[in-house]
Amino acid sequence: MNGSQQTFIQKTMLVAALWLMLGSSLVSRAADAPSPYRGSVLEFGTIIDISLWGVDPAHGDKAIETLERDFNWMHITWHAWKSGALGRINSLLPLGGEFSAAPSVLPLILEARELSRASKGLFNPAIWELIDLWGFHTDVEPEGPPPSAEAIAALVKQHPTMDDITISGIRMRSRNPAVKIDLGGFAKGYGVDRAIETLRSMGIDNAIVNAGGDLRAIGRHGKRPWHIGIRHPDTPGVIAELDISGDESVFTSGDYERFYEYQGRRYHHIIDPRTGYPATASRSVTVIHDNAATADAAATALFVAGPDEWHSIARAMGIRYVMLIDTTGTVHMNPAMQKRLKLTITPAPKIIISPPL
Ligand code: ADP
Ligand code: MG
């Protein structure tokens, strides 16, 4: 294992440890209730922590094994540059001819296209080439230097979008040779939705599937709601807490998830498709929504949108709860989000409440 792989794994462990810490401290507060049954799976480049309430250990083990196998399948199938179903699509799309795409990935592409349209192209999964140029398509810790301005401009000029792709049944083609699909801003959410579906089909109605801080929770934690934390963009702690009961997803996109420093500047993995550079106006964006796929895409889109545009894009995407932390540390929220969140940082940050969504 090289040094950068080690750092990546250490970072991943830190995120997981944070969640386990938060989880166990909350469990010990609920003296009336037994602990949830937990397991974890290493997939999508992160630790996926699964908490199940009210299941016996044998059924819990079976559920976690089933999810482990399925997450592994999803990872291979939806991987942008390995030899799975999406990898094959990406090698055929630039050729311009029509081909049959694997049905295992088509629903994601169709849904991602709708979300991309709703986000006015700020969530743009057609920019694989740009993400690759920036060096974020790697299983190890990315490293600089950043690409040249000319190389970035040349790709931005080709304007790859999801609307360049035509799909008829399973037949697919792109009229723009610069289009390759990267589901990195969305597949984790889509996968978490599938995992929740699987748990429900196994008769489990109280659960959290938490992929490195991005989660969907269903049902309750015994007699009380699920209680979760949102990670601070700078320190290994939480910035806010909230309760969830019923069925909701909480997804955060931040500039701290994947980045490299080069000559004193941070280059992170969320790219503004309009400029071709990492988006500069946000530190992190948290979205609550009923399904995880939309929450994931929206967190990425609103991160790119920044403090000036997040409100209109959230409306267009049908999102009702948003918290955005800008580069000065100011917290932007809509009133409904403010009602639900308890900010835990001191000193209290400057808060700007938007009109309702
Ligand atoms: P994370 O997966 O780290 O939680 P995101 O959901 O925001 O964070 O996804 C970031 C990933 O999405 C990047 O690594 C890249 O693969 C892809 N991506 C980057 N910029 C965009 C964008 N503007 N639209 C769609 N996908 C993007
Ligand atoms: Mg996302």
# chains A, B, ... in the order shown; residues from 1 in each chain; ligands from 1

call {"tool": "select_by_dssp", "arguments": {"residues": "range 83-227 of chain A", "states": "strand (DSSP E)", "output": "VMD selection string"}}
result
chain A and resid 99 to 100 165 to 168 171 to 174 207 to 211 214 to 219 226 to 227

call {"tool": "residues_near_ligand", "arguments": {"ligand": "ligand 1", "cutoff": "7 Å", "atoms": "only C-alpha atoms and all ligand atoms", "output": "PyMOL selection string"}}
result
chain A and resi 122-125+131+136+182-186+188+214+252-254+257-258+269-273+296-297+299-301+304

call {"tool": "closest_residue", "arguments": {"among": "A:Ser354, A:Thr275, A:Thr280, A:Thr294", "to": "Ala151 in chain A", "atoms": "only C-alpha atoms"}}
result
A:Thr275

call {"tool": "closest_residue", "arguments": {"among": "A:Leu115, A:Ala217, A:Ile48, A:Ala149", "to": "ligand 2", "atoms": "only C-alpha atoms and all ligand atoms"}}
result
A:Leu115

call {"tool": "closest_residue", "arguments": {"among": "A:Gly54, A:Gly329, A:Pro335, A:Pro356", "to": "Arg220 in chain A", "atoms": "only C-alpha atoms"}}
result
A:Gly54

call {"tool": "select_by_dssp", "arguments": {"residues": "range 151-192 of chain A", "states": "alpha helix (DSSP H)", "output": "MDAnalysis selection string"}}
result
chainID A and resid 151:158 187:192

call {"tool": "residues_around", "arguments": {"residues": "Asn90 in chain A", "least_positions_apart": "3", "cutoff": "8 Å", "atoms": "only C-alpha atoms", "output": "list in words"}}
result
Ala80, Trp81, Leu86, Gly87, Leu93, Pro94, Lys180 and Ile181 of chain A

call {"tool": "atom_distance", "arguments": {"atom1": "CA of Ser282 in chain A", "atom2": "CA of Ile325 in chain A"}}
result
6.0 Å

call {"tool": "residues_around", "arguments": {"residues": "Leu242 in chain A", "least_positions_apart": "6", "cutoff": "6 Å", "atoms": "only C-alpha atoms", "output": "PDB file with N, CA and C atoms, in the first residue's frame"}}
result
ATOM      1  N   HIS A 227     -31.530  10.070  15.071  1.00  0.00           N
ATOM      2  CA  HIS A 227     -30.889  11.353  15.345  1.00  0.00           C
ATOM      3  C   HIS A 227     -29.560  11.368  14.600  1.00  0.00           C
ATOM      4  N   ILE A 228     -29.347  12.350  13.753  1.00  0.00           N
ATOM      5  CA  ILE A 228     -28.126  12.289  12.944  1.00  0.00           C
ATOM      6  C   ILE A 228     -27.348  13.613  12.992  1.00  0.00           C
ATOM      7  N   LEU A 341     -33.087  22.024  11.979  1.00  0.00           N
ATOM      8  CA  LEU A 341     -31.677  21.821  12.333  1.00  0.00           C
ATOM      9  C   LEU A 341     -31.343  22.437  13.675  1.00  0.00           C
TER      10      LEU A 341
END

call {"tool": "residues_around", "arguments": {"residues": "Gly191 in chain A", "least_positions_apart": "2", "cutoff": "8 Å", "atoms": "only C-alpha atoms", "output": "PDB file with C-alpha atoms, in the first residue's frame"}}
result
ATOM      1  CA  PHE A  71     -23.328  -2.796  -3.266  1.00  0.00           C
ATOM      2  CA  MET A  74     -23.552  -1.687  -8.124  1.00  0.00           C
ATOM      3  CA  ALA A 187     -24.839   6.725  -7.960  1.00  0.00           C
ATOM      4  CA  LYS A 188     -24.220   6.578  -4.211  1.00  0.00           C
ATOM      5  CA  GLY A 189     -27.678   8.072  -3.615  1.00  0.00           C
ATOM      6  CA  ASP A 193     -32.280   3.923  -2.423  1.00  0.00           C
ATOM      7  CA  ARG A 194     -31.889   0.384  -3.803  1.00  0.00           C
ATOM      8  CA  ALA A 195     -30.467  -0.804  -0.446  1.00  0.00           C
ATOM      9  CA  ALA A 293     -30.783   9.771  -5.578  1.00  0.00           C
TER      10      ALA A 293
END

call {"tool": "residues_around", "arguments": {"residues": "Arg117 in chain A", "least_positions_apart": "4", "cutoff": "12 Å", "atoms": "only C-alpha atoms", "output": "list in words"}}
result
Leu110, Glu111, Ala112, Arg113, Gly121, Leu122, Phe123, Asn124, Pro125, Ala126, Thr161, Met162, Asp163, Asp164, Ala297, Ala298, Ala301, Ile313, Ala316 and Met317 of chain A

call {"tool": "closest_residue", "arguments": {"among": "A:Gly318, A:Gly45, A:Pro36, A:Pro225", "to": "Pro57 in chain A", "atoms": "only C-alpha atoms"}}
result
A:Pro36

call {"tool": "residues_around", "arguments": {"residues": "Ile218 in chain A", "least_positions_apart": "4", "cutoff": "12 Å", "atoms": "only C-alpha atoms", "output": "ChimeraX atom specification"}}
result
/A:50-53,192-193,195-197,199-200,204-210,222,225-227,243-250,290-292

call {"tool": "write_last_selection", "arguments": {"atoms": "N, CA, C and O atoms", "output": "short mmCIF file (atom, residue, chain, number, x, y, z; two decimals), in the first residue's frame"}}
result
data_model
loop_
_atom_site.label_atom_id
_atom_site.label_comp_id
_atom_site.auth_asym_id
_atom_site.auth_seq_id
_atom_site.Cartn_x
_atom_site.Cartn_y
_atom_site.Cartn_z
N ILE A 50 -24.55 0.34 8.15
CA ILE A 50 -25.97 -0.05 8.09
C ILE A 50 -26.46 -0.29 9.51
O ILE A 50 -25.86 -1.09 10.24
N SER A 51 -27.49 0.43 9.94
CA SER A 51 -28.07 0.23 11.28
C SER A 51 -29.51 -0.24 11.11
O SER A 51 -30.29 0.41 10.40
N LEU A 52 -29.83 -1.34 11.77
CA LEU A 52 -31.17 -1.91 11.65
C LEU A 52 -31.79 -1.95 13.04
O LEU A 52 -31.13 -2.33 14.00
N TRP A 53 -33.03 -1.57 13.14
CA TRP A 53 -33.69 -1.59 14.44
C TRP A 53 -34.71 -2.72 14.49
O TRP A 53 -35.47 -2.91 13.54
N VAL A 192 -28.10 3.82 -2.40
CA VAL A 192 -28.70 3.83 -1.06
C VAL A 192 -30.22 3.59 -1.18
O VAL A 192 -30.80 2.83 -0.39
N ASP A 193 -30.84 4.18 -2.20
CA ASP A 193 -32.28 3.92 -2.42
C ASP A 193 -32.55 2.45 -2.68
O ASP A 193 -33.50 1.87 -2.16
N ALA A 195 -30.73 -0.06 -1.69
CA ALA A 195 -30.47 -0.80 -0.45
C ALA A 195 -31.68 -0.73 0.47
O ALA A 195 -32.08 -1.73 1.09
N ILE A 196 -32.29 0.45 0.56
CA ILE A 196 -33.49 0.60 1.41
C ILE A 196 -34.62 -0.27 0.87
O ILE A 196 -35.33 -0.95 1.63
N GLU A 197 -34.77 -0.29 -0.47
CA GLU A 197 -35.77 -1.16 -1.10
C GLU A 197 -35.56 -2.62 -0.69
O GLU A 197 -36.50 -3.33 -0.34
N LEU A 199 -33.94 -3.80 1.94
CA LEU A 199 -34.24 -4.01 3.36
C LEU A 199 -35.74 -4.15 3.56
O LEU A 199 -36.21 -5.03 4.29
N ARG A 200 -36.50 -3.27 2.88
CA ARG A 200 -37.96 -3.35 3.05
C ARG A 200 -38.49 -4.69 2.56
O ARG A 200 -39.38 -5.27 3.18
N ILE A 204 -37.66 -5.34 6.82
CA ILE A 204 -37.00 -4.42 7.76
C ILE A 204 -37.48 -3.00 7.45
O ILE A 204 -37.23 -2.47 6.37
N ASP A 205 -38.18 -2.40 8.41
CA ASP A 205 -38.79 -1.09 8.17
C ASP A 205 -38.19 0.02 9.01
O ASP A 205 -38.64 1.17 8.96
N ASN A 206 -37.19 -0.32 9.84
CA ASN A 206 -36.52 0.69 10.67
C ASN A 206 -35.02 0.54 10.44
O ASN A 206 -34.41 -0.42 10.93
N ALA A 207 -34.45 1.48 9.70
CA ALA A 207 -33.04 1.30 9.31
C ALA A 207 -32.43 2.62 8.86
O ALA A 207 -33.13 3.56 8.47
N ILE A 208 -31.09 2.66 8.94
CA ILE A 208 -30.33 3.73 8.29
C ILE A 208 -29.27 3.09 7.41
O ILE A 208 -28.57 2.18 7.86
N VAL A 209 -29.17 3.55 6.17
CA VAL A 209 -28.03 3.19 5.33
C VAL A 209 -27.22 4.47 5.15
O VAL A 209 -27.70 5.44 4.57
N ASN A 210 -26.02 4.47 5.72
CA ASN A 210 -25.22 5.69 5.83
C ASN A 210 -23.89 5.50 5.08
O ASN A 210 -23.01 4.79 5.54
N GLY A 222 -36.32 2.69 17.61
CA GLY A 222 -37.13 2.30 18.77
C GLY A 222 -38.25 3.29 19.00
O GLY A 222 -39.03 3.59 18.11
N PRO A 225 -37.13 9.17 17.22
CA PRO A 225 -36.68 9.28 15.82
C PRO A 225 -35.19 8.96 15.70
O PRO A 225 -34.47 8.94 16.69
N TRP A 226 -34.72 8.72 14.50
CA TRP A 226 -33.29 8.63 14.25
C TRP A 226 -32.70 10.02 14.46
O TRP A 226 -33.30 11.01 14.06
N HIS A 227 -31.53 10.07 15.07
CA HIS A 227 -30.89 11.35 15.34
C HIS A 227 -29.56 11.37 14.60
O HIS A 227 -28.75 10.47 14.79
N ASP A 243 -33.37 15.40 13.65
CA ASP A 243 -34.11 14.14 13.82
C ASP A 243 -34.80 13.77 12.52
O ASP A 243 -35.26 14.65 11.79
N ILE A 244 -34.87 12.48 12.29
CA ILE A 244 -35.61 11.99 11.12
C ILE A 244 -36.50 10.85 11.57
O ILE A 244 -36.04 9.93 12.23
N SER A 245 -37.77 10.92 11.21
CA SER A 245 -38.57 9.70 11.35
C SER A 245 -39.51 9.64 10.17
O SER A 245 -39.97 10.66 9.68
N GLY A 246 -39.77 8.45 9.72
CA GLY A 246 -40.55 8.28 8.49
C GLY A 246 -39.59 7.77 7.44
O GLY A 246 -39.07 6.67 7.56
N ASP A 247 -39.31 8.60 6.46
CA ASP A 247 -38.45 8.16 5.37
C ASP A 247 -37.83 9.38 4.73
O ASP A 247 -38.49 10.12 4.01
N GLU A 248 -36.56 9.62 5.03
CA GLU A 248 -35.89 10.79 4.46
C GLU A 248 -34.41 10.51 4.23
O GLU A 248 -33.81 9.69 4.91
N SER A 249 -33.85 11.28 3.29
CA SER A 249 -32.43 11.17 2.97
C SER A 249 -31.75 12.50 3.27
O SER A 249 -32.32 13.56 3.00
N VAL A 250 -30.54 12.41 3.80
CA VAL A 250 -29.75 13.61 4.08
C VAL A 250 -28.42 13.45 3.36
O VAL A 250 -27.66 12.52 3.67
N ASP A 290 -36.93 13.19 0.05
CA ASP A 290 -37.46 11.86 0.36
C ASP A 290 -36.66 10.73 -0.27
O ASP A 290 -36.55 9.67 0.30
N ASN A 291 -36.10 10.94 -1.47
CA ASN A 291 -35.25 9.86 -1.97
C ASN A 291 -33.79 10.29 -2.05
O ASN A 291 -33.47 11.47 -2.21
N ALA A 292 -32.91 9.30 -1.93
CA ALA A 292 -31.48 9.59 -1.81
C ALA A 292 -30.87 10.01 -3.16
O ALA A 292 -29.96 10.84 -3.20
#

call {"tool": "closest_residue", "arguments": {"among": "A:Thr346, A:Ala295, A:Glu309, A:Ala336", "to": "ligand 2", "atoms": "only C-alpha atoms and all ligand atoms"}}
result
A:Ala295

call {"tool": "atom_distance", "arguments": {"atom1": "CA of Gly203 in chain A", "atom2": "CA of Arg38 in chain A"}}
result
16.3 Å
